[in-house]
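S.K.: Sending over a structure as structure tokens; questions will come in a sec.
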Amino acid sequence: MSVLLQPLSDPLLTQKGVELAVLREDLLHPGIPGNKWRKLKYNLLAAQEQGCETLVTFGGAFSNHIAAVAAAGKEFGFSTVGYIRGEETLPLNPTLAFTAQQGMLLRYLSRSDYRLRNEPHFQAQILKTAPKPYLLPEGGTNLLAVKGCAEIITELTAPWDVLCVASGTSGTLAGIVVGVAGKGKIIGFPALKGGEFLQKEVTELVQAYSGQTYQNWELQIHYHFGGYAKHTPELLAFIQTFHQRHNILLDPVYTGKMLYGVFDLIKQDYFPAGTKLVAVHTGGQQGWAGYAQRYGLAWPSAKVAR
Ligand SMILES: *Cc1c(COP(=O)(O)O)cnc(C)c1O
């Protein structure tokens with residue numbers, strides 16, 4: 001399975017003398033795009049080895065992770081149960097309609113119950129209700145996810161200096177840090193406001209997985225555009241121009257913000273001339289249909305939904 005490393009040509013890159021390529025992880029797997037497939041791979045193998053039958057997980061109503069688990073369950077023969085934050089809204093939004101179509105059983109948790117999702121006692125209660133359950137945390141981040149994401153860098157078939165990746169729960173960033181093992185520089189772009197808390201998360205995941213501490217990574221925390229799943233007209237305009245110019249559709253929650261940040265840093269001469277940058281496209285386009293509906297956006301058209 002090989003992923004495309006797609007070089008961009010752009011006046012800004014020429015002007016600043018830097019190179020930028022997009023690693024098209026979004027094309028990795030037809031039904032389970034990008035980093036969600038990387039994060040699930042070794043978890044699915046573990047679930048199989050342990051004789052588990054039901055994948056149980058948590059997520060918001062527009063979650064890429066929930067969509068990926070539903071698709072993975074269908075493809076690999078697991079039942080799936082998704083615990084969704086908040087009340088049921090009908091008709092189901094496009095993400096949840098897709099998961100239901102894949103056979104996922106949807107259950108809804110009040111916001112206060114949802115806060116208990118990482119409590120062992122609460123998890124034990126939930127797991128009692130599913131036959132031979134295998135629990136995946138929210139966003140799918142655990143050490144097997146880190147192991148899967150460490151493989152992203154095997155797709156880098158050309159020399160590079162700096163790798164850029166969007167960050168939510170930070171399993172993907174931790175995996176990349178582990179994978180490169182001190183080589184080059186990695187920049188994570190948190191999609192949440194207050195993303196500095198990821199400093200600790202990444203450090204702990206990297207330490208737990210590899211027993212190492214690496215210094216060759218950093219967070220750029222100012223590209224959240226108001227917070228998780230929030231946007232500004234400027235962000236949407238950037239994503240639209242990027243699509244027209246490079247024929248690559250970014251998502252509004254993660255990769256759009258990350259690439260906006262990458263271009264902004266290039267503008268500010270953050271990278272010396274000659275730097276070879278790679279931005280990892282982690283997928284997430286499934287979210288567009290629901291996003292456009294929720295915010296009444298005319299673009300992108302519904303054809304980007306699965
Ligand atoms: C989930 C997701 C991320 C964040 O991955 P983490 O491992 O949670 O940091 C980034 N990009 C896309 C498109 C995602 O769906």
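Numbering starts fresh at 1 for the residues of each chain in the structure tokens, the chains themselves are lettered A, B, ... in the order given, and ligands are numbered from 1 as they appear.
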Counting only C-alpha atoms, what is within 10 Å of A:Ser9, bar same-chain residues fewer than 4 positions away, as a PyMOL selection string?
M.R.: chain A and resi 13-14+19-21+245-246
S.K.: May I have the selected residues written with N, CA and C atoms, as a short mmCIF file (atom, residue, chain, number, x, y, z; two decimals), in the first residue's frame?
M.R.:
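Writing the result to out-v4.cif gives the following:
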data_model
loop_
_atom_site.label_atom_id
_atom_site.label_comp_id
_atom_site.auth_asym_id
_atom_site.auth_seq_id
_atom_site.Cartn_x
_atom_site.Cartn_y
_atom_site.Cartn_z
N LEU A 13 5.69 29.60 -2.20
CA LEU A 13 6.79 28.64 -2.01
C LEU A 13 7.99 29.06 -2.86
N THR A 14 7.70 29.48 -4.09
CA THR A 14 8.77 29.92 -4.98
C THR A 14 9.46 31.15 -4.40
N GLU A 19 10.16 24.13 -0.12
CA GLU A 19 9.37 23.11 -0.80
C GLU A 19 8.31 22.58 0.15
N LEU A 20 7.15 22.27 -0.41
CA LEU A 20 6.07 21.71 0.41
C LEU A 20 5.37 20.61 -0.38
N ALA A 21 5.29 19.45 0.23
CA ALA A 21 4.53 18.33 -0.37
C ALA A 21 3.47 17.88 0.62
N ARG A 245 -6.51 25.51 -6.32
CA ARG A 245 -5.14 25.60 -6.82
C ARG A 245 -4.45 24.24 -6.88
N HIS A 246 -4.72 23.39 -5.90
CA HIS A 246 -3.96 22.14 -5.80
C HIS A 246 -4.81 20.89 -5.99
#
S.K.: Could you list, as a list in words, all protein and nucleic acid residues with an atom at most 7 Å from ligand 1, counting only C-alpha atoms and all ligand atoms?
M.R.: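 Within the 7 Å cut-off, the matching residues are Gly34, Asn35, Lys36, Asn64, His65, Gly139, Thr141, Ala166, Ser167, Gly168, Thr169, Ser170, Gly171, Thr172, Leu173, Asp251, Tyr254, Thr255, Thr282, Gly283 and Gly284 of chain A.
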S.K.: Store the residues picked out above, limited to N, CA and C atoms, as a PDB file, in the first residue's frame.
M.R.:
ATOM      1  N   GLY A  34      -7.146   8.012   6.108  1.00  0.00           N
ATOM      2  CA  GLY A  34      -6.133   8.755   6.848  1.00  0.00           C
ATOM      3  C   GLY A  34      -5.716   8.130   8.152  1.00  0.00           C
ATOM      4  N   ASN A  35      -5.540   8.991   9.124  1.00  0.00           N
ATOM      5  CA  ASN A  35      -4.934   8.522  10.372  1.00  0.00           C
ATOM      6  C   ASN A  35      -5.856   7.598  11.157  1.00  0.00           C
ATOM      7  N   LYS A  36      -7.155   7.632  10.871  1.00  0.00           N
ATOM      8  CA  LYS A  36      -8.058   6.749  11.615  1.00  0.00           C
ATOM      9  C   LYS A  36      -7.793   5.282  11.258  1.00  0.00           C
ATOM     10  N   ASN A  64     -14.921  11.855  13.061  1.00  0.00           N
ATOM     11  CA  ASN A  64     -14.278  11.010  12.046  1.00  0.00           C
ATOM     12  C   ASN A  64     -13.959   9.637  12.622  1.00  0.00           C
ATOM     13  N   HIS A  65     -13.618   9.599  13.896  1.00  0.00           N
ATOM     14  CA  HIS A  65     -13.288   8.339  14.557  1.00  0.00           C
ATOM     15  C   HIS A  65     -14.507   7.408  14.603  1.00  0.00           C
ATOM     16  N   GLY A 139     -11.498   9.161  19.980  1.00  0.00           N
ATOM     17  CA  GLY A 139     -10.435   9.532  19.052  1.00  0.00           C
ATOM     18  C   GLY A 139      -9.506   8.376  18.702  1.00  0.00           C
ATOM     19  N   THR A 141      -7.118   7.013  20.378  1.00  0.00           N
ATOM     20  CA  THR A 141      -5.711   7.112  20.782  1.00  0.00           C
ATOM     21  C   THR A 141      -5.378   6.194  21.956  1.00  0.00           C
ATOM     22  N   ALA A 166      -1.856  17.771  11.835  1.00  0.00           N
ATOM     23  CA  ALA A 166      -2.919  18.292  12.695  1.00  0.00           C
ATOM     24  C   ALA A 166      -3.086  17.393  13.909  1.00  0.00           C
ATOM     25  N   SER A 167      -3.542  18.002  15.002  1.00  0.00           N
ATOM     26  CA  SER A 167      -3.588  17.249  16.250  1.00  0.00           C
ATOM     27  C   SER A 167      -4.915  17.452  16.977  1.00  0.00           C
ATOM     28  N   GLY A 168      -5.484  16.304  17.424  1.00  0.00           N
ATOM     29  CA  GLY A 168      -6.693  16.351  18.237  1.00  0.00           C
ATOM     30  C   GLY A 168      -6.404  15.752  19.603  1.00  0.00           C
ATOM     31  N   THR A 169      -6.384  14.421  19.659  1.00  0.00           N
ATOM     32  CA  THR A 169      -5.983  13.758  20.906  1.00  0.00           C
ATOM     33  C   THR A 169      -4.481  13.484  20.944  1.00  0.00           C
ATOM     34  N   SER A 170      -3.809  13.725  19.833  1.00  0.00           N
ATOM     35  CA  SER A 170      -2.343  13.689  19.697  1.00  0.00           C
ATOM     36  C   SER A 170      -1.723  12.313  19.519  1.00  0.00           C
ATOM     37  N   GLY A 171      -2.519  11.282  19.322  1.00  0.00           N
ATOM     38  CA  GLY A 171      -1.952   9.961  19.047  1.00  0.00           C
ATOM     39  C   GLY A 171      -1.161   9.939  17.747  1.00  0.00           C
ATOM     40  N   THR A 172      -1.654  10.668  16.758  1.00  0.00           N
ATOM     41  CA  THR A 172      -0.983  10.685  15.458  1.00  0.00           C
ATOM     42  C   THR A 172       0.375  11.377  15.562  1.00  0.00           C
ATOM     43  N   LEU A 173       0.371  12.533  16.220  1.00  0.00           N
ATOM     44  CA  LEU A 173       1.625  13.265  16.424  1.00  0.00           C
ATOM     45  C   LEU A 173       2.621  12.405  17.215  1.00  0.00           C
ATOM     46  N   ASP A 251     -10.029  19.269   5.166  1.00  0.00           N
ATOM     47  CA  ASP A 251     -11.236  19.273   6.009  1.00  0.00           C
ATOM     48  C   ASP A 251     -11.204  20.515   6.892  1.00  0.00           C
ATOM     49  N   TYR A 254      -9.495  19.866  10.959  1.00  0.00           N
ATOM     50  CA  TYR A 254      -8.091  19.548  11.243  1.00  0.00           C
ATOM     51  C   TYR A 254      -7.116  20.055  10.169  1.00  0.00           C
ATOM     52  N   THR A 255      -7.207  19.445   8.981  1.00  0.00           N
ATOM     53  CA  THR A 255      -6.139  19.675   8.004  1.00  0.00           C
ATOM     54  C   THR A 255      -6.178  21.074   7.400  1.00  0.00           C
ATOM     55  N   THR A 282      -4.413  14.034   6.894  1.00  0.00           N
ATOM     56  CA  THR A 282      -4.930  12.930   7.695  1.00  0.00           C
ATOM     57  C   THR A 282      -6.371  12.563   7.347  1.00  0.00           C
ATOM     58  N   GLY A 283      -6.953  13.208   6.343  1.00  0.00           N
ATOM     59  CA  GLY A 283      -8.311  12.842   5.901  1.00  0.00           C
ATOM     60  C   GLY A 283      -9.369  13.752   6.502  1.00  0.00           C
ATOM     61  N   GLY A 284     -10.483  13.169   6.884  1.00  0.00           N
ATOM     62  CA  GLY A 284     -11.528  13.935   7.557  1.00  0.00           C
ATOM     63  C   GLY A 284     -12.581  14.530   6.650  1.00  0.00           C
TER      64      GLY A 284
END
S.K.: As an NGL selection string, please: every residue in stretch 70-301 of chain A that DSSP puts in strand (DSSP E).
M.R.: :A and (79-85 or 105-109 or 133-136 or 162-167 or 185-190 or 217-219 or 276-280)
S.K.: Take the residues just selected and output them with N, CA and C atoms as a JSON list (two decimals), in the first residue's frame.
M.R.:
[["chain", "number", "residue", "atom", "x", "y", "z"],
["A", 79, "SER", "N", -19.19, -6.37, 15.41],
["A", 79, "SER", "CA", -20.30, -5.48, 15.71],
["A", 79, "SER", "C", -19.70, -4.19, 16.25],
["A", 80, "THR", "N", -20.44, -3.08, 16.16],
["A", 80, "THR", "CA", -19.91, -1.82, 16.69],
["A", 80, "THR", "C", -20.98, -1.09, 17.49],
["A", 81, "VAL", "N", -20.54, -0.49, 18.57],
["A", 81, "VAL", "CA", -21.42, 0.36, 19.37],
["A", 81, "VAL", "C", -20.73, 1.71, 19.54],
["A", 82, "GLY", "N", -21.42, 2.77, 19.21],
["A", 82, "GLY", "CA", -20.87, 4.11, 19.36],
["A", 82, "GLY", "C", -21.63, 4.89, 20.42],
["A", 83, "TYR", "N", -20.94, 5.33, 21.44],
["A", 83, "TYR", "CA", -21.54, 6.19, 22.46],
["A", 83, "TYR", "C", -21.32, 7.64, 22.05],
["A", 84, "ILE", "N", -22.41, 8.31, 21.75],
["A", 84, "ILE", "CA", -22.34, 9.65, 21.15],
["A", 84, "ILE", "C", -22.63, 10.70, 22.23],
["A", 85, "ARG", "N", -21.82, 11.75, 22.22],
["A", 85, "ARG", "CA", -22.02, 12.84, 23.18],
["A", 85, "ARG", "C", -23.29, 13.63, 22.84],
["A", 105, "LEU", "N", -24.47, 0.39, 16.27],
["A", 105, "LEU", "CA", -25.53, 0.70, 17.22],
["A", 105, "LEU", "C", -25.17, 2.01, 17.91],
["A", 106, "LEU", "N", -26.06, 2.99, 17.82],
["A", 106, "LEU", "CA", -25.77, 4.30, 18.42],
["A", 106, "LEU", "C", -26.47, 4.43, 19.76],
["A", 107, "ARG", "N", -25.69, 4.84, 20.76],
["A", 107, "ARG", "CA", -26.28, 5.14, 22.06],
["A", 107, "ARG", "C", -25.86, 6.55, 22.43],
["A", 108, "TYR", "N", -26.70, 7.25, 23.15],
["A", 108, "TYR", "CA", -26.43, 8.66, 23.44],
["A", 108, "TYR", "C", -26.15, 8.86, 24.92],
["A", 109, "LEU", "N", -25.16, 9.66, 25.20],
["A", 109, "LEU", "CA", -24.81, 9.97, 26.59],
["A", 109, "LEU", "C", -25.02, 11.45, 26.83],
["A", 133, "PRO", "N", -16.61, -7.42, 24.26],
["A", 133, "PRO", "CA", -16.29, -6.06, 23.80],
["A", 133, "PRO", "C", -14.79, -5.78, 23.71],
["A", 134, "TYR", "N", -14.45, -4.89, 22.82],
["A", 134, "TYR", "CA", -13.09, -4.32, 22.74],
["A", 134, "TYR", "C", -13.27, -2.81, 22.77],
["A", 135, "LEU", "N", -12.68, -2.20, 23.77],
["A", 135, "LEU", "CA", -12.90, -0.77, 23.98],
["A", 135, "LEU", "C", -11.86, 0.08, 23.26],
["A", 136, "LEU", "N", -12.34, 1.02, 22.47],
["A", 136, "LEU", "CA", -11.45, 2.00, 21.84],
["A", 136, "LEU", "C", -11.76, 3.35, 22.48],
["A", 162, "VAL", "N", 11.01, 18.93, 7.62],
["A", 162, "VAL", "CA", 9.98, 19.25, 8.62],
["A", 162, "VAL", "C", 8.68, 18.54, 8.23],
["A", 163, "LEU", "N", 8.08, 17.87, 9.21],
["A", 163, "LEU", "CA", 6.79, 17.21, 9.00],
["A", 163, "LEU", "C", 5.73, 17.93, 9.80],
["A", 164, "CYS", "N", 4.60, 18.27, 9.17],
["A", 164, "CYS", "CA", 3.52, 18.99, 9.85],
["A", 164, "CYS", "C", 2.29, 18.12, 9.90],
["A", 165, "VAL", "N", 1.63, 18.12, 11.08],
["A", 165, "VAL", "CA", 0.44, 17.27, 11.23],
["A", 165, "VAL", "C", -0.56, 17.95, 12.15],
["A", 166, "ALA", "N", -1.86, 17.77, 11.83],
["A", 166, "ALA", "CA", -2.92, 18.29, 12.70],
["A", 166, "ALA", "C", -3.09, 17.39, 13.91],
["A", 167, "SER", "N", -3.54, 18.00, 15.00],
["A", 167, "SER", "CA", -3.59, 17.25, 16.25],
["A", 167, "SER", "C", -4.91, 17.45, 16.98],
["A", 185, "LYS", "N", 12.35, 17.47, 12.02],
["A", 185, "LYS", "CA", 11.56, 18.24, 12.98],
["A", 185, "LYS", "C", 10.08, 18.00, 12.70],
["A", 186, "ILE", "N", 9.30, 17.84, 13.78],
["A", 186, "ILE", "CA", 7.87, 17.58, 13.65],
["A", 186, "ILE", "C", 7.11, 18.74, 14.28],
["A", 187, "ILE", "N", 6.10, 19.25, 13.56],
["A", 187, "ILE", "CA", 5.27, 20.32, 14.12],
["A", 187, "ILE", "C", 3.82, 19.85, 14.17],
["A", 188, "GLY", "N", 3.24, 19.91, 15.38],
["A", 188, "GLY", "CA", 1.84, 19.56, 15.56],
["A", 188, "GLY", "C", 1.00, 20.83, 15.64],
["A", 189, "PHE", "N", -0.15, 20.82, 14.99],
["A", 189, "PHE", "CA", -1.08, 21.96, 14.98],
["A", 189, "PHE", "C", -2.37, 21.54, 15.67],
["A", 190, "PRO", "N", -2.54, 21.88, 16.97],
["A", 190, "PRO", "CA", -3.76, 21.50, 17.67],
["A", 190, "PRO", "C", -5.01, 22.14, 17.06],
["A", 217, "TRP", "N", 10.35, 18.07, 18.33],
["A", 217, "TRP", "CA", 8.97, 18.37, 17.93],
["A", 217, "TRP", "C", 8.46, 19.56, 18.72],
["A", 218, "GLU", "N", 7.45, 20.20, 18.15],
["A", 218, "GLU", "CA", 6.85, 21.36, 18.82],
["A", 218, "GLU", "C", 5.39, 21.48, 18.43],
["A", 219, "LEU", "N", 4.67, 22.31, 19.19],
["A", 219, "LEU", "CA", 3.27, 22.60, 18.89],
["A", 219, "LEU", "C", 3.16, 24.04, 18.42],
["A", 276, "LYS", "N", 12.64, 21.60, 3.21],
["A", 276, "LYS", "CA", 11.69, 20.69, 2.56],
["A", 276, "LYS", "C", 10.63, 20.28, 3.58],
["A", 277, "LEU", "N", 9.42, 20.81, 3.36],
["A", 277, "LEU", "CA", 8.31, 20.54, 4.29],
["A", 277, "LEU", "C", 7.39, 19.46, 3.73],
["A", 278, "VAL", "N", 6.87, 18.65, 4.63],
["A", 278, "VAL", "CA", 5.80, 17.72, 4.26],
["A", 278, "VAL", "C", 4.64, 17.94, 5.22],
["A", 279, "ALA", "N", 3.43, 18.13, 4.67],
["A", 279, "ALA", "CA", 2.22, 18.24, 5.49],
["A", 279, "ALA", "C", 1.43, 16.95, 5.32],
["A", 280, "VAL", "N", 1.06, 16.35, 6.44],
["A", 280, "VAL", "CA", 0.34, 15.08, 6.38],
["A", 280, "VAL", "C", -1.16, 15.35, 6.27]]
S.K.: Taking only C-alpha atoms into account, name the residue in A:Gly103, A:Pro137, A:Pro7, A:Gly148 that is nearest to A:Gly77.
M.R.: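 Among the listed residues, A:Gly103 lies closest to A:Gly77.
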S.K.: Run DSSP on the backbone of this structure and report the residues of stretch 152-302 of chain A it assigns to alpha helix (DSSP H), as a PyMOL selection string.
M.R.: chain A and resi 171-180+198-210+233-246+255-267+287-295
S.K.: Counting only C-alpha atoms, which residues of stretch 222-248 of chain A fall within 12 Å of stretch 262-275 of chain A, and what is the closest atom pair for each with its distance in Å at one decimal, ordered by chain and rising number, as a Markdown table?
M.R.:
| residue | atom | partner | partner_atom | distance |
| --- | --- | --- | --- | --- |
| A:His222 | CA | A:Asp264 | CA | 10.8 |
| A:Tyr223 | CA | A:Asp264 | CA | 9.5 |
| A:Leu235 | CA | A:Asp264 | CA | 11.6 |
| A:Phe238 | CA | A:Phe263 | CA | 9.9 |
| A:Ile239 | CA | A:Phe263 | CA | 11.7 |
| A:Phe242 | CA | A:Phe263 | CA | 10.6 |
S.K.: So which one's closest to A:Thr232, A:Leu96, A:Leu143, A:Leu45, A:Val253? Using only C-alpha atoms, please.
M.R.: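 Among A:Leu96, A:Leu143, A:Leu45, A:Val253, it is A:Val253 that comes nearest to A:Thr232.
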S.K.: Quick one: everything within 10 Å of A:Gln293, counting only C-alpha atoms, minus sequence neighbours fewer than 4 positions away in the same chain. Send it as a CSV table (one decimal) with all heavy atoms, in the first residue's frame.
M.R.:
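Full text of out_15.csv as output:
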chain,number,residue,atom,x,y,z
A,93,ASN,N,-27.5,13.2,11.4
A,93,ASN,CA,-26.6,14.0,10.6
A,93,ASN,C,-25.9,13.0,9.6
A,93,ASN,O,-25.9,11.8,9.9
A,93,ASN,CB,-25.7,14.9,11.4
A,93,ASN,CG,-24.6,14.1,12.1
A,93,ASN,OD1,-24.0,13.2,11.5
A,93,ASN,ND2,-24.3,14.4,13.3
A,94,PRO,N,-25.2,13.5,8.6
A,94,PRO,CA,-24.6,12.6,7.6
A,94,PRO,C,-23.6,11.6,8.2
A,94,PRO,O,-23.5,10.5,7.8
A,94,PRO,CB,-24.0,13.6,6.6
A,94,PRO,CG,-24.8,14.8,6.7
A,94,PRO,CD,-25.2,14.9,8.1
A,288,TRP,N,-17.4,17.0,6.0
A,288,TRP,CA,-17.9,18.2,5.3
A,288,TRP,C,-19.4,18.2,5.2
A,288,TRP,O,-20.0,19.3,5.3
A,288,TRP,CB,-17.3,18.2,3.9
A,288,TRP,CG,-16.0,19.1,3.8
A,288,TRP,CD1,-14.8,18.7,3.4
A,288,TRP,CD2,-15.9,20.5,4.1
A,288,TRP,NE1,-13.9,19.7,3.4
A,288,TRP,CE2,-14.6,20.9,3.8
A,288,TRP,CE3,-16.8,21.5,4.5
A,288,TRP,CZ2,-14.1,22.2,4.0
A,288,TRP,CZ3,-16.3,22.8,4.7
A,288,TRP,CH2,-15.0,23.1,4.5
A,289,ALA,N,-20.0,17.1,4.8
A,289,ALA,CA,-21.5,17.1,4.6
A,289,ALA,C,-22.2,17.6,5.8
A,289,ALA,O,-23.0,18.5,5.7
A,289,ALA,CB,-21.9,15.7,4.2
A,297,LEU,N,-23.4,26.2,4.9
A,297,LEU,CA,-22.4,26.6,3.9
A,297,LEU,C,-22.8,26.0,2.5
A,297,LEU,O,-23.3,24.9,2.4
A,297,LEU,CB,-21.1,26.0,4.2
A,297,LEU,CG,-20.5,26.4,5.6
A,297,LEU,CD1,-19.2,25.6,5.9
A,297,LEU,CD2,-20.3,27.9,5.7
A,298,ALA,N,-22.6,26.8,1.5
A,298,ALA,CA,-22.9,26.3,0.1
A,298,ALA,C,-21.8,25.5,-0.5
A,298,ALA,O,-21.9,24.7,-1.4
A,298,ALA,CB,-23.2,27.5,-0.8
A,299,TRP,N,-20.6,25.5,0.2
A,299,TRP,CA,-19.4,24.9,-0.4
A,299,TRP,C,-18.8,24.1,0.7
A,299,TRP,O,-18.7,24.6,1.9
A,299,TRP,CB,-18.5,25.9,-0.9
A,299,TRP,CG,-17.3,25.3,-1.6
A,299,TRP,CD1,-17.2,24.9,-2.9
A,299,TRP,CD2,-16.1,24.9,-1.0
A,299,TRP,NE1,-16.0,24.3,-3.1
A,299,TRP,CE2,-15.3,24.3,-2.0
A,299,TRP,CE3,-15.6,24.9,0.3
A,299,TRP,CZ2,-14.0,23.8,-1.7
A,299,TRP,CZ3,-14.3,24.4,0.6
A,299,TRP,CH2,-13.5,23.9,-0.4
A,302,ALA,N,-22.3,18.6,-1.8
A,302,ALA,CA,-22.6,17.4,-1.1
A,302,ALA,C,-21.8,16.2,-1.7
A,302,ALA,O,-21.6,15.2,-1.1
A,302,ALA,CB,-24.1,17.0,-1.2
S.K.: Atom CA of A:Ala191 and atom CA of A:Val178 are how many Å apart?
M.R.: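 So the two atoms, atom CA of A:Ala191 and atom CA of A:Val178, lie 21.0 Å apart.
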S.K.: Atom CA of A:Gly17 to atom CA of A:Met258: how many Å, to one decimal?
M.R.: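 About the pair atom CA of A:Gly17 and atom CA of A:Met258: they are 20.2 Å apart.
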S.K.: Between A:Leu236, A:Ile66, A:Ala208, A:Val56, which residue has the minimum interatomic distance to A:Ala124, considering only C-alpha atoms?
M.R.: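 When distances to A:Ala124 are compared using only C-alpha atoms, the smallest one comes from A:Val56.
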S.K.: One decimal, Å: what's the distance from atom CA of A:Ile176 over to atom CA of A:Gln215, could you say?
M.R.: 13.0 Å
S.K.: Tell me which protein, DNA and RNA residues are within 9 Å of A:Gly73, counting only C-alpha atoms, leaving out same-chain ones fewer than 5 positions away, and put them as a list in words.
M.R.: Leu44, Thr54, Leu55, Ala68, Phe78, Ser79, Thr80, Gln102, Gly103 and Met104 of chain A
S.K.: Residues at most 9 Å from A:Leu4, counting only C-alpha atoms, excluding those fewer than 6 positions away in the same chain, as a list in words?
M.R.: Val22, Leu23, Arg24, Glu25, Leu27, Leu28, Glu155 and Leu156 of chain A
